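Okay, so here's the structure we're looking at.
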Amino acid sequence: MHSTPPSTPPNEPDYEGWLTARLRHYLGRPVAADVAFAEYGLDSVAALSLYGDIEEEFGPLIDPTDIWDYPTVRELTRYLQLRDIRPCGGRRIRAAFVFTGQGCQHPGMTAGLYLHSTGYRGYLDEAADVLRPYTGLSVVDLILSGDRRIHRTAFTQPALFAVQYALARTLEEAGVRPVAVLGHGIGEYAAATAAGALPLADAAKLVALRGAFMQYLPASNGGMMATCAAPYEATEAIAGEPGVVIGAINAARATVLSGELAGLERVRARLEERGIRCTMLEVSHSFQSPLMEPMLPRFEAVARRLPGGAPRLPYYSTVHGRLTTQPLYAPYWSRQITAPVRFADAARQLLDQETPSHVVEIGPKVVLTPFVRRMGGSAGPVCLGVCRGPESNAVDLAGVLSALDAGPLSDPLVRA
């Protein structure tokens, strides 16, 4: 029995036919849809020329590196079809928001966006005003001055929350309504606010006190280590090390360990003997580990006085590693402090269950979407970072809004 390949939808360009013809031009011979470009000898110069042809013919749908990430005619065709969000394509934008965790902060983060985007500036000011009674300073001033204290946990967590809240609200104001949210570590608070489970004032209080309580834990010998180990390999390596635990599982071979420094060094030696690369992280504490337990009573006392609520959007919990519809009360936020971040499990479920057309990373730089992109494969969602790094500004934001068909010139009929 033979299956018939899906026909091109009405009004959609024949990407496969066009790509086949262009590659035949560059290579001087016929090209099969499922054979990798490299096998035909396509070099970087020809690939860059192909990218230029795609942009001239169809507009800015892809980046130059996408030609190597989707290295066959069929894979690149599917990706172009997914990126084509024009109304004539009949597609609906289904954007999921993924909020980054601690470690992505940097001095001056989003300063360019603050200076040149009125909407973002207003929302960041709003968050900063709510945080000020707890932080004792304006996180806006901290950010704009390039103050190195942004790396102190007591300031890192509220500043990241403020940036993420402002970025999400800016996108929503432009018409981007997330179909689901997911947060990594401290990013869960902004995700919960976007999902309607935490009001801004309550989230700001929890985040600011959480960061302060962690910052002023008694001095410890704890740390964190990123590894290229699979979870089972990491579990084997930490056997016999009661002071070391798995702190996060970000992807199939991206496991973070947390705990006592001496134990981490022993685990590092074991893993590197097996050819598994490890990197100690520059963190002040061993987050997501039992070494955080001394601050839990103080945090729980605050969290119990705040009501919390059930998310009004699909909320993919990195505590549970799945969708949760339960109210996010104090026990959840307390457990979140010491539980491993199950990002990989939660992200895979989000992709499978929500089938987003786009995943938008909400944070000051891109950290998580490379993991999501690999999980989704060639048929997965378009992954966008609102901020690519320190130089991001309003032009980058405009590009993201354009990709999501959002903003003043958008067509609301193509969004979910």
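Residue numbers start at 1 in each chain; chains themselves are named A, B, ... in the order of the structure tokens; ligands are numbered from 1 in the order shown.
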
Near Met375 of chain A, counting only C-alpha atoms, which residues have an atom at most 10 Å away, once you skip same-chain residues fewer than 4 positions from it, shown as a short mmCIF file (atom, residue, chain, number, x, y, z; two decimals) with C-alpha atoms, in the first residue's frame?
data_model
loop_
_atom_site.label_atom_id
_atom_site.label_comp_id
_atom_site.auth_asym_id
_atom_site.auth_seq_id
_atom_site.Cartn_x
_atom_site.Cartn_y
_atom_site.Cartn_z
CA ALA A 251 17.10 17.54 28.05
CA ALA A 252 17.99 13.94 27.29
CA ALA A 344 12.45 18.12 29.83
CA ALA A 347 8.35 20.64 27.78
CA ARG A 348 7.79 17.34 25.96
CA LEU A 351 4.69 20.02 22.77
CA THR A 369 14.53 27.11 23.28
CA PRO A 370 17.55 25.19 21.91
CA PHE A 371 16.40 22.27 24.10
CA ALA A 379 8.19 19.09 12.52
CA GLY A 380 8.28 20.99 15.80
CA PRO A 381 7.33 24.57 16.59
#

*Using DSSP on the backbone coordinates, identify all residues within segment 144-383 of chain A classified as alpha helix (DSSP H); present the result as a PyMOL selection string.*
chain A and resi 144+153-173+187-194+200-215+231-238+261-273+296-303+330-338+343-354+369-376

*Skipping near chain neighbours, those fewer than 6 positions away, what residues fall within 9 Å of Leu291 of chain A using only C-alpha atoms, listed as a PyMOL selection string?*
chain A and resi 220+222+243+259-260+285+338

Output C-alpha atoms for every residue in that selection, as a PDB file, in the first residue's frame.
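Written output follows (again_35.pdb):
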ATOM      1  CA  SER A 220      27.739  26.636  52.905  1.00  0.00           C
ATOM      2  CA  GLY A 222      27.386  23.952  48.162  1.00  0.00           C
ATOM      3  CA  GLY A 243      25.111  15.349  49.703  1.00  0.00           C
ATOM      4  CA  GLY A 259      24.868  19.791  46.509  1.00  0.00           C
ATOM      5  CA  GLU A 260      28.084  19.746  48.497  1.00  0.00           C
ATOM      6  CA  HIS A 285      24.199  28.362  46.529  1.00  0.00           C
ATOM      7  CA  THR A 338      14.107  21.845  46.749  1.00  0.00           C
TER       8      THR A 338
END

_What's around segment 116-123 of chain A at 7 Å? Count only C-alpha atoms, leave out sequence neighbours fewer than 5 positions away in its own chain, and write the answer as a PyMOL selection string._
chain A and resi 166-167+169-170+394

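Shortest separation to Phe155 of chain A among A:Gly187, A:Gly211, A:Gly41, A:Gly308 occurs at residue A:Gly211, atoms counted being only C-alpha atoms.
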
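Nearest to Ile143 of chain A of all the residues A:Phe213, A:Tyr114, A:Trp68, A:Tyr165 is A:Tyr114, counting only C-alpha atoms.
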
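Going from atom CA of His151 of chain A over to atom CA of Glu293 of chain A, you cover 21.7 Å.
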
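Proximity ranking of A:Thr235, A:Gln349, A:Thr255, A:Ser145 relative to Tyr316 of chain A places A:Gln349 first, based on only C-alpha atoms.
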
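Minimum atom-to-atom distance to Met292 of chain A, evaluated using only C-alpha atoms, belongs to A:Leu217 out of A:Val359, A:Leu217, A:Ala239, A:Leu368.
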
*What separation in Å, quoted to one decimal, exists between atom CA of Gln326 of chain A and atom CA of Pro314 of chain A?*
10.7 Å

_Close residues, Leu350 of chain A itself excluded, 10 Å, only C-alpha atoms, min 2 positions apart in chain, as a ChimeraX atom specification_ = /A:96,179-182,314-317,321-323,344-348,352-356

Could you please take those selected residues and save C-alpha atoms as a compact mmCIF listing (two decimals), in the first residue's frame?
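Output file out34.txt follows:
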# COMPACT_ATOMS: atom_id res chain seq x y z
CA ALA A 96 3.45 28.87 24.16
CA VAL A 179 -1.97 28.84 24.71
CA ALA A 180 0.19 27.42 27.52
CA VAL A 181 2.99 28.47 29.87
CA LEU A 182 6.00 26.75 31.42
CA PRO A 314 -2.61 25.29 30.67
CA TYR A 315 0.26 25.39 33.19
CA TYR A 316 3.07 22.91 32.69
CA SER A 317 4.76 22.44 36.04
CA GLY A 321 6.98 17.48 34.96
CA ARG A 322 3.50 17.69 33.47
CA LEU A 323 0.33 19.74 33.12
CA ALA A 344 12.45 18.12 29.83
CA ASP A 345 9.37 16.17 30.92
CA ALA A 346 7.17 19.27 31.13
CA ALA A 347 8.35 20.64 27.78
CA ARG A 348 7.79 17.34 25.96
CA ASP A 352 2.67 16.81 22.54
CA GLN A 353 -0.52 18.05 24.16
CA GLU A 354 -0.73 21.69 23.05
CA THR A 355 0.94 21.37 19.61
CA PRO A 356 2.07 25.02 19.61

*Write out as a PyMOL selection string the residues lying within 9 Å of Met295 of chain A, counting only C-alpha atoms and excluding same-chain residues fewer than 4 positions away.*
chain A and resi 210+213-214+216-217+299-300

_What's around Val163 of chain A at 8 Å? Count only C-alpha atoms, leave out sequence neighbours fewer than 2 positions away in its own chain, and write the answer as a PyMOL selection string._
chain A and resi 110+124+159-161+165-167+363-364

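Taking the backbone of this structure through DSSP, the residues of segment 233-276 of chain A that come out as strand (DSSP E or B) are Val244, Val245, Ile246, Gly247, Ala248, Ile249, Asn250, Ala251, Ala254, Thr255, Val256, Leu257, Ser258, Gly259 and Glu260 of chain A.
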
*Taking into account only C-alpha atoms, which residue in the set A:Gly376, A:Gly247, A:Gly112, A:Gly52 is nearest to Leu397 of chain A?*
A:Gly112

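Across A:Gly175, A:Gly263, A:Pro158, A:Gly309, the tightest approach to Gly101 of chain A is made by A:Pro158 when counting only C-alpha atoms.
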